[in-house]
$ cat my_file.txt   # compact mmCIF, C-alpha atoms
# COMPACT_ATOMS: atom_id res chain seq x y z
CA SER A 1 0.00 0.00 0.00
CA ALA A 2 1.05 3.58 -0.63
CA ASN A 3 -0.69 6.33 1.32
CA PHE A 4 -0.81 10.10 1.51
CA GLU A 5 -1.03 11.05 5.21
CA TYR A 6 -1.98 14.35 6.77
CA TYR A 7 -1.24 15.03 10.44
CA ILE A 8 -3.74 17.62 11.64
CA LEU A 9 -1.74 18.76 14.71
CA PRO A 10 1.82 17.58 13.94
CA TYR A 11 3.53 19.30 16.88
CA ASP A 12 1.09 18.34 19.66
CA ARG A 13 1.30 15.30 21.94
CA LEU A 14 -2.14 14.12 20.78
CA THR A 15 -2.03 14.06 16.98
CA PRO A 16 -5.08 13.16 14.86
CA PHE A 17 -4.38 12.11 11.28
CA VAL A 18 -6.17 11.06 8.09
CA TYR A 19 -4.87 9.20 5.07
CA THR A 20 -5.82 7.81 1.69
CA GLY A 21 -4.06 5.67 -0.86
CA ILE A 22 -3.97 2.68 -3.18
CA GLY A 23 -2.58 -0.82 -2.83
CA SER A 24 -3.24 -4.48 -3.44
CA VAL A 25 -4.42 -7.47 -1.45
CA SER A 26 -4.03 -11.17 -2.25
CA LYS A 27 -5.22 -14.53 -1.05
CA THR A 28 -3.01 -16.40 1.40
CA ASP A 29 -1.42 -18.51 -1.35
CA LEU A 30 -0.53 -15.30 -3.30
CA THR A 31 -2.14 -16.60 -6.50
CA GLU A 32 -4.39 -13.59 -7.11
CA ASN A 33 -3.65 -9.91 -6.50
CA HIS A 34 -6.50 -7.41 -6.36
CA PHE A 35 -6.11 -3.63 -6.43
CA LYS A 36 -7.76 -1.55 -3.74
CA PHE A 37 -8.39 2.00 -2.60
CA GLN A 38 -8.08 2.74 1.12
CA TYR A 39 -8.72 5.60 3.50
CA GLY A 40 -8.51 5.90 7.24
CA PHE A 41 -8.13 8.06 10.31
CA GLY A 42 -6.49 7.74 13.69
CA LEU A 43 -4.84 9.24 16.74
CA GLU A 44 -1.28 9.11 18.00
CA TYR A 45 -0.31 10.06 21.53
CA LEU A 46 3.38 10.80 22.08
CA ILE A 47 4.52 9.34 25.39
CA THR A 48 8.01 10.77 24.85
CA ASN A 49 9.74 12.37 21.86
CA LYS A 50 10.72 8.86 20.65
CA TRP A 51 7.66 6.72 21.55
CA GLY A 52 4.01 7.05 20.54
CA ILE A 53 0.84 5.01 21.03
CA ILE A 54 -1.23 4.83 17.87
CA PHE A 55 -4.84 3.86 17.12
CA ASN A 56 -6.42 3.88 13.68
CA ALA A 57 -9.30 2.57 11.58
CA GLU A 58 -9.08 1.85 7.86
CA HIS A 59 -11.58 1.03 5.11
CA ASN A 60 -10.35 -0.89 2.06
CA ILE A 61 -12.50 -0.91 -1.07
CA LEU A 62 -11.51 -3.58 -3.56
CA PHE A 63 -12.07 -3.38 -7.30
CA THR A 64 -13.37 -6.97 -7.37
CA ASP A 65 -16.02 -9.13 -5.74
CA LYS A 66 -13.94 -12.32 -6.01
CA LEU A 67 -11.54 -12.09 -3.02
CA ASP A 68 -13.66 -14.24 -0.71
CA GLY A 69 -14.74 -16.62 -3.48
CA LEU A 70 -18.37 -15.46 -3.29
CA VAL A 71 -19.82 -13.18 -5.95
CA ARG A 72 -23.10 -11.76 -4.65
CA GLY A 73 -24.87 -8.48 -4.42
CA ASN A 74 -24.03 -5.34 -6.34
CA ARG A 75 -20.97 -4.20 -4.32
CA ASN A 76 -17.35 -5.27 -4.45
CA ASP A 77 -15.58 -6.82 -1.46
CA GLN A 78 -14.55 -4.50 1.37
CA ILE A 79 -12.18 -4.88 4.32
CA TRP A 80 -12.23 -2.94 7.61
CA ASN A 81 -9.10 -2.79 9.79
CA ILE A 82 -8.79 -1.46 13.33
CA ARG A 83 -5.26 -1.25 14.73
CA ALA A 84 -3.41 -0.29 17.88
CA GLY A 85 0.34 -0.18 18.30
CA LEU A 86 3.55 1.56 19.27
CA ASN A 87 5.66 3.84 17.09
CA PHE A 88 9.36 4.41 17.68
CA TYR A 89 11.03 7.43 16.05
CA PHE A 90 14.75 7.36 15.22
$ encode --input "my_file.txt" --output "structure tokens"
Amino acid sequence: SANFEYYILPYDRLTPFVYTGIGSVSKTDLTENHFKFQYGFGLEYLITNKWGIIFNAEHNILFTDKLDGLVRGNRNDQIWNIRAGLNFYF
């Protein structure tokens, strides 16, 4: 995936951000790659100048309805991700 990110308050300890981009997703055996568009938002809290706690949610919209092997309805497959983690800055 490649994203364009925008940090709304880049110099504050609590930093909200939004992003959008494109990428690809494949099945576990890597036989099929499917292009996708994604967007998301999140928050990062800087514990120190080097460490941050991050939370974000992301919506992936695929350009196919075949990722899960079921073709039904009038919409393509979609994936939602919710993440939490630690960032370390060099």
$ closest_residue --input "my_file.txt" --among "A:Gly52, A:Gly21, A:Gly40, A:Pro10" --to "Gly85 in chain A" --atoms "all atoms listed in the file"
A:Gly52
$ residues_around --input "my_file.txt" --residues "Phe4 in chain A" --least-positions-apart "3" --cutoff "10 Å" --atoms "all atoms listed in the file" --output "VMD selection string"
chain A and resid 18 to 22 39
$ residues_around --input "my_file.txt" --residues "Glu32 in chain A" --least-positions-apart "6" --cutoff "9 Å" --atoms "all atoms listed in the file" --output "PyMOL selection string"
chain A and resi 25-26+67
$ write_last_selection --input "my_file.txt" --atoms "C-alpha atoms" --output "PDB file, in the coordinates of the input"
ATOM      1  CA  VAL A  25      -4.420  -7.470  -1.450  1.00  0.00           C
ATOM      2  CA  SER A  26      -4.030 -11.170  -2.250  1.00  0.00           C
ATOM      3  CA  LEU A  67     -11.540 -12.090  -3.020  1.00  0.00           C
TER       4      LEU A  67
END
$ closest_residue --input "my_file.txt" --among "A:Asn56, A:Asn74, A:Thr15, A:Thr28" --to "Phe41 in chain A" --atoms "all atoms listed in the file"
A:Asn56
$ closest_residue --input "my_file.txt" --among "A:Asp29, A:Gln78, A:Phe90, A:Asp12" --to "Tyr45 in chain A" --atoms "all atoms listed in the file"
A:Asp12
$ residues_near_point --input "my_file.txt" --point "(-11.8, -0.1, -2.7)" --cutoff "7 Å" --atoms "all atoms listed in the file" --output "list in words"
Lys36, Phe37, Gln38, Asn60, Ile61, Leu62, Phe63 and Gln78 of chain A
$ atom_distance --input "my_file.txt" --atom1 "CA of Gly73 in chain A" --atom2 "CA of Ala57 in chain A"
24.9 Å
$ residues_around --input "my_file.txt" --residues "Leu14 in chain A" --least-positions-apart "5" --cutoff "7 Å" --atoms "all atoms listed in the file" --output "ChimeraX atom specification"
/A:43-46
$ atom_distance --input "my_file.txt" --atom1 "CA of Ala84 in chain A" --atom2 "CA of Glu58 in chain A"
11.7 Å
$ atom_distance --input "my_file.txt" --atom1 "CA of Ser24 in chain A" --atom2 "CA of Ile82 in chain A"
17.9 Å
$ closest_residue --input "my_file.txt" --among "A:Phe35, A:Asp77, A:Gly23, A:Lys50" --to "Tyr89 in chain A" --atoms "all atoms listed in the file"
A:Lys50
